[in-house]
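Containing mmCIF, C-alpha atoms: model-v8.cif.
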```cif
data_coords
loop_
_atom_site.label_atom_id
_atom_site.label_comp_id
_atom_site.auth_asym_id
_atom_site.auth_seq_id
_atom_site.Cartn_x
_atom_site.Cartn_y
_atom_site.Cartn_z
CA MET A 1 -26.73 -96.30 148.55
CA MET A 2 -25.67 -96.52 152.21
CA MET A 3 -29.17 -97.71 153.12
CA ASN A 4 -28.98 -100.47 150.49
CA ALA A 5 -25.64 -101.59 151.91
CA LEU A 6 -27.08 -101.65 155.43
CA VAL A 7 -30.08 -103.72 154.28
CA LEU A 8 -27.73 -106.19 152.57
CA ARG A 9 -25.66 -106.55 155.73
CA ILE A 10 -28.79 -107.18 157.80
CA VAL A 11 -29.92 -109.85 155.31
CA ILE A 12 -26.61 -111.72 155.42
CA LEU A 13 -26.16 -111.25 159.18
CA PRO A 14 -27.48 -114.76 160.07
CA PHE A 15 -25.02 -116.26 157.57
CA MET A 16 -22.16 -114.28 159.12
CA VAL A 17 -23.12 -115.39 162.62
CA LEU A 18 -23.19 -119.01 161.46
CA ALA A 19 -19.84 -118.68 159.67
CA LEU A 20 -18.14 -117.03 162.65
CA THR A 21 -19.61 -119.58 165.08
CA PHE A 22 -18.26 -122.54 163.10
CA HIS A 23 -14.94 -120.75 162.64
CA GLU A 24 -14.39 -120.20 166.35
CA PHE A 25 -15.74 -123.63 167.30
CA ALA A 26 -13.22 -125.20 164.91
CA HIS A 27 -10.39 -123.38 166.70
CA ALA A 28 -11.67 -124.54 170.10
CA TRP A 29 -12.27 -128.16 169.02
CA THR A 30 -8.87 -128.48 167.33
CA ALA A 31 -7.04 -127.03 170.32
CA TYR A 32 -8.89 -129.47 172.59
CA ARG A 33 -7.95 -132.42 170.38
CA LEU A 34 -4.31 -131.32 170.50
CA GLY A 35 -4.28 -131.26 174.30
CA ASP A 36 -5.38 -127.76 175.32
CA ASP A 37 -8.72 -127.64 177.16
CA THR A 38 -8.58 -123.88 177.87
CA ALA A 39 -11.38 -123.13 175.40
CA ARG A 40 -13.48 -125.96 176.78
CA TYR A 41 -13.34 -124.59 180.31
CA ALA A 42 -14.07 -121.12 178.95
CA GLY A 43 -17.31 -122.47 177.45
CA ARG A 44 -16.11 -122.01 173.88
CA LEU A 45 -16.27 -125.66 172.82
CA SER A 46 -19.82 -125.03 171.67
CA LEU A 47 -21.87 -124.27 168.56
CA ASN A 48 -23.95 -121.76 170.51
CA PRO A 49 -23.44 -118.44 168.68
CA LEU A 50 -23.92 -116.46 171.89
CA VAL A 51 -20.64 -117.71 173.36
CA HIS A 52 -18.64 -116.69 170.29
CA ILE A 53 -20.19 -113.44 169.08
CA ASP A 54 -18.54 -110.15 169.96
CA TRP A 55 -21.37 -107.61 170.04
CA MET A 56 -19.11 -104.70 169.14
CA GLY A 57 -17.76 -106.70 166.21
CA LEU A 58 -21.31 -107.47 165.12
CA LEU A 59 -22.30 -103.79 165.30
CA THR A 60 -19.23 -102.78 163.34
CA LEU A 61 -20.14 -105.37 160.71
CA LEU A 62 -23.54 -103.74 160.26
CA LEU A 63 -22.14 -100.21 160.12
CA VAL A 64 -19.03 -100.60 157.96
CA GLY A 65 -19.17 -104.16 156.64
CA PHE A 66 -16.26 -105.42 158.72
CA GLY A 67 -16.64 -107.38 161.95
CA TRP A 68 -15.18 -110.07 164.17
CA ALA A 69 -15.97 -112.69 166.83
CA LYS A 70 -14.41 -113.28 170.25
CA PRO A 71 -10.97 -114.88 169.90
CA VAL A 72 -10.83 -118.41 171.28
CA PRO A 73 -8.46 -118.64 174.29
CA VAL A 74 -5.59 -121.02 173.60
CA ASP A 75 -2.67 -121.92 175.88
CA PRO A 76 0.28 -122.85 173.60
CA SER A 77 2.26 -124.22 176.56
CA ARG A 78 -0.07 -127.22 176.58
CA PHE A 79 1.01 -128.24 173.09
CA ARG A 80 3.96 -130.56 172.45
CA ASN A 81 5.08 -128.38 169.54
CA PRO A 82 3.60 -124.89 170.07
CA PRO A 83 4.43 -123.31 166.66
CA VAL A 84 3.18 -126.27 164.64
CA HIS A 85 0.15 -127.02 166.80
CA MET A 86 -0.85 -123.35 166.92
CA ALA A 87 -0.65 -123.36 163.12
CA ILE A 88 -3.00 -126.36 162.99
CA VAL A 89 -5.43 -124.68 165.40
CA ALA A 90 -5.32 -121.50 163.33
CA ALA A 91 -5.86 -123.31 160.02
CA ALA A 92 -8.92 -125.09 161.44
CA GLY A 93 -10.94 -121.86 161.39
CA PRO A 94 -10.61 -121.06 157.67
CA ALA A 95 -10.90 -124.78 156.87
CA SER A 96 -14.28 -124.90 158.63
CA ASN A 97 -15.50 -122.02 156.47
CA LEU A 98 -14.39 -123.79 153.31
CA LEU A 99 -16.31 -126.88 154.44
CA LEU A 100 -19.39 -124.72 154.97
CA ALA A 101 -18.87 -123.22 151.51
CA LEU A 102 -18.62 -126.73 150.02
CA PHE A 103 -21.84 -127.69 151.81
CA GLY A 104 -23.40 -124.55 150.34
CA ALA A 105 -22.22 -125.56 146.86
CA VAL A 106 -23.87 -128.98 147.23
CA LEU A 107 -27.04 -127.27 148.44
CA TYR A 108 -26.84 -124.89 145.47
CA ARG A 109 -26.63 -127.84 143.07
CA ILE A 110 -29.71 -129.44 144.64
CA SER A 111 -31.64 -126.17 144.73
CA VAL A 112 -31.11 -125.52 141.03
CA PHE A 113 -33.73 -128.22 140.41
CA THR A 114 -35.78 -128.10 143.61
CA ALA A 115 -35.80 -124.53 144.95
CA PRO A 116 -34.43 -121.98 142.47
CA TRP A 117 -35.87 -119.16 144.58
CA ALA A 118 -33.25 -119.97 147.25
CA LEU A 119 -30.24 -119.68 144.95
CA PRO A 120 -29.35 -116.01 145.71
CA ALA A 121 -29.26 -116.71 149.46
CA ILE A 122 -27.20 -119.88 149.02
CA ASP A 123 -24.83 -118.06 146.68
CA ALA A 124 -24.32 -115.34 149.32
CA PHE A 125 -23.65 -118.04 151.92
CA ILE A 126 -20.98 -119.64 149.74
CA TRP A 127 -19.30 -116.33 148.96
CA LEU A 128 -19.31 -115.16 152.56
CA ASN A 129 -17.61 -118.32 153.82
CA VAL A 130 -15.02 -118.30 151.05
CA VAL A 131 -14.16 -114.64 151.63
CA LEU A 132 -13.96 -115.19 155.39
CA ALA A 133 -11.56 -118.11 154.88
CA VAL A 134 -9.36 -116.18 152.43
CA PHE A 135 -9.27 -113.04 154.57
CA ASN A 136 -8.27 -114.98 157.67
CA MET A 137 -5.44 -116.69 155.80
CA ILE A 138 -3.68 -113.38 155.08
CA PRO A 139 -0.28 -113.84 156.78
CA LEU A 140 -0.54 -110.81 159.06
CA PRO A 141 -1.22 -110.88 162.82
CA PRO A 142 -3.60 -111.41 164.46
CA LEU A 143 -5.14 -113.34 161.54
CA ASP A 144 -4.96 -117.12 161.26
CA GLY A 145 -2.62 -116.92 158.31
CA TRP A 146 0.10 -115.47 160.53
CA ARG A 147 -0.09 -118.46 162.90
CA VAL A 148 0.02 -120.83 159.93
CA LEU A 149 3.10 -119.05 158.61
CA GLN A 150 4.73 -119.39 162.03
CA GLY A 151 4.21 -123.15 161.79
CA PHE A 152 6.41 -123.19 158.70
CA ARG A 153 8.82 -120.58 160.10
CA PRO A 154 9.09 -121.27 163.86
CA SER A 155 11.56 -118.39 164.29
CA LEU A 156 8.65 -116.00 163.64
CA TYR A 157 6.76 -117.56 166.56
CA TRP A 158 9.15 -115.90 169.01
CA ASP A 159 9.52 -112.57 167.17
CA PHE A 160 7.02 -110.59 169.25
CA GLU A 161 8.32 -107.21 168.11
CA LEU A 162 7.74 -108.04 164.44
CA GLU A 163 4.27 -109.36 165.27
CA ARG A 164 3.40 -106.12 167.06
CA LYS A 165 4.53 -104.01 164.10
CA LEU A 166 2.68 -106.13 161.53
CA GLN A 167 -0.58 -105.71 163.46
CA TYR A 168 -0.43 -102.01 162.61
CA VAL A 169 0.08 -102.89 158.95
CA LEU A 170 -3.12 -104.94 158.93
CA PHE A 171 -5.04 -102.24 160.78
CA GLY A 172 -3.82 -99.64 158.27
CA LEU A 173 -4.87 -101.76 155.29
CA ILE A 174 -8.35 -102.31 156.74
CA LEU A 175 -8.76 -98.61 157.53
CA LEU A 176 -7.59 -97.68 154.04
CA SER A 177 -10.06 -100.13 152.50
CA ILE A 178 -12.94 -98.62 154.49
CA LEU A 179 -12.09 -94.95 153.98
CA LEU A 180 -10.79 -95.18 150.40
CA PRO A 181 -12.56 -98.03 148.58
CA THR A 182 -10.73 -97.18 145.34
CA PHE A 183 -7.48 -98.13 147.11
CA ASP A 184 -8.83 -101.37 148.58
CA ILE A 185 -5.56 -103.28 148.57
CA LEU A 186 -7.03 -106.11 150.62
CA GLY A 187 -9.92 -106.47 148.19
CA MET A 188 -7.51 -106.59 145.26
CA VAL A 189 -5.96 -109.68 146.82
CA ILE A 190 -9.00 -111.27 148.45
CA PHE A 191 -11.47 -111.08 145.55
CA PRO A 192 -9.41 -112.90 142.85
CA VAL A 193 -8.45 -115.70 145.26
CA SER A 194 -12.02 -115.99 146.55
CA LYS A 195 -13.38 -116.07 142.99
CA ALA A 196 -11.00 -118.91 142.07
CA ILE A 197 -12.05 -120.94 145.12
CA TYR A 198 -15.73 -120.17 144.50
CA ASP A 199 -15.45 -121.40 140.90
CA LEU A 200 -13.59 -124.53 142.05
CA LEU A 201 -16.31 -125.38 144.60
CA LEU A 202 -19.05 -125.07 141.99
CA ALA A 203 -16.99 -127.18 139.59
CA LEU A 204 -16.64 -129.88 142.24
CA VAL A 205 -20.43 -130.23 142.42
CA GLY A 206 -20.81 -130.22 138.66
CA LEU A 207 -21.73 -126.57 138.11
CA GLY A 208 -18.45 -125.37 136.67
#
```

I need this file expressed as structure tokens, please.
Amino acid sequence: MMMNALVLRIVILPFMVLALTFHEFAHAWTAYRLGDDTARYAGRLSLNPLVHIDWMGLLTLLLVGFGWAKPVPVDPSRFRNPPVHMAIVAAAGPASNLLLALFGAVLYRISVFTAPWALPAIDAFIWLNVVLAVFNMIPLPPLDGWRVLQGFRPSLYWDFELERKLQYVLFGLILLSILLPTFDILGMVIFPVSKAIYDLLLALVGLG
């Protein structure tokens, strides 16, 4: 069972690298467009996976199914409205994954008639990007959803103590999901939302 899970993770690894690369590039590009060139000078305004991948995060992904990329450096002081502009930068990451998922849905529609053998791989690509977008929009630090929430509630932007405490909440939920899959609280939230978005994307390309 564990070996099957490892094989599956190895198979989808290229998709994950692609999804994470676009996600981090979207953060860097959006920050640059809003006036912060920190990521550009750090070499992160690039679609080269090697500048975005965190090797420990990649290894953890293979071992336990949960991983991460290098956070894009952003200097909020360069924004005219830090809470709002940080929210836009944060939202760009999940949005890029939804765009990739939509591209995958279009490709799925085409492949139904031209390359049905590719459908399982394309389906995995769509799911992975949707799940990555939904997970990152959970409103807990350091996820993108927390920064988006701060854009709507600027008072939270300056509440560093609350942010520090909520980081432990997220860590605890992830650890609980890994050690006790039957109490996967994150999955109970992520899967229904991801399924609704997945169905919507297929419906948009005429497969609903």

Spatial neighbours of range 38-49 of chain A, max dist 8 Å, only C-alpha atoms, sep filter under 4 positions, as JSON, numbers by chain: {"A": [17, 18, 21, 22, 24, 25, 28, 29, 31, 32, 53, 72, 73, 74, 75]}

Residues matched by the PyMOL selection byres ((chain A and resi 85) around 12) as a ChimeraX atom specification: /A:27,30-36,74-84,86-92,147-152,154,157

Among listed residues A:Phe160, A:Trp117, A:Ala105, A:Phe171, nearest Val205 in chain A (using all atoms listed in the file): A:Ala105

Nearest residue to Pro71 in chain A from the set A:Leu20, A:Val112, A:Leu107, A:Leu58 (distances using only C-alpha atoms): A:Leu20

Distance criterion (only C-alpha atoms): nearest to Phe125 in chain A out of A:Pro192, A:Pro181, A:Gly57, A:Pro14: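 For Phe125 in chain A, the nearest of the candidates is A:Pro14.
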
Polymer residues at most 12 Å from Pro120 in chain A, all atoms listed in the file, same-chain spacing of 6 or more positions, as a count of residues only: 10
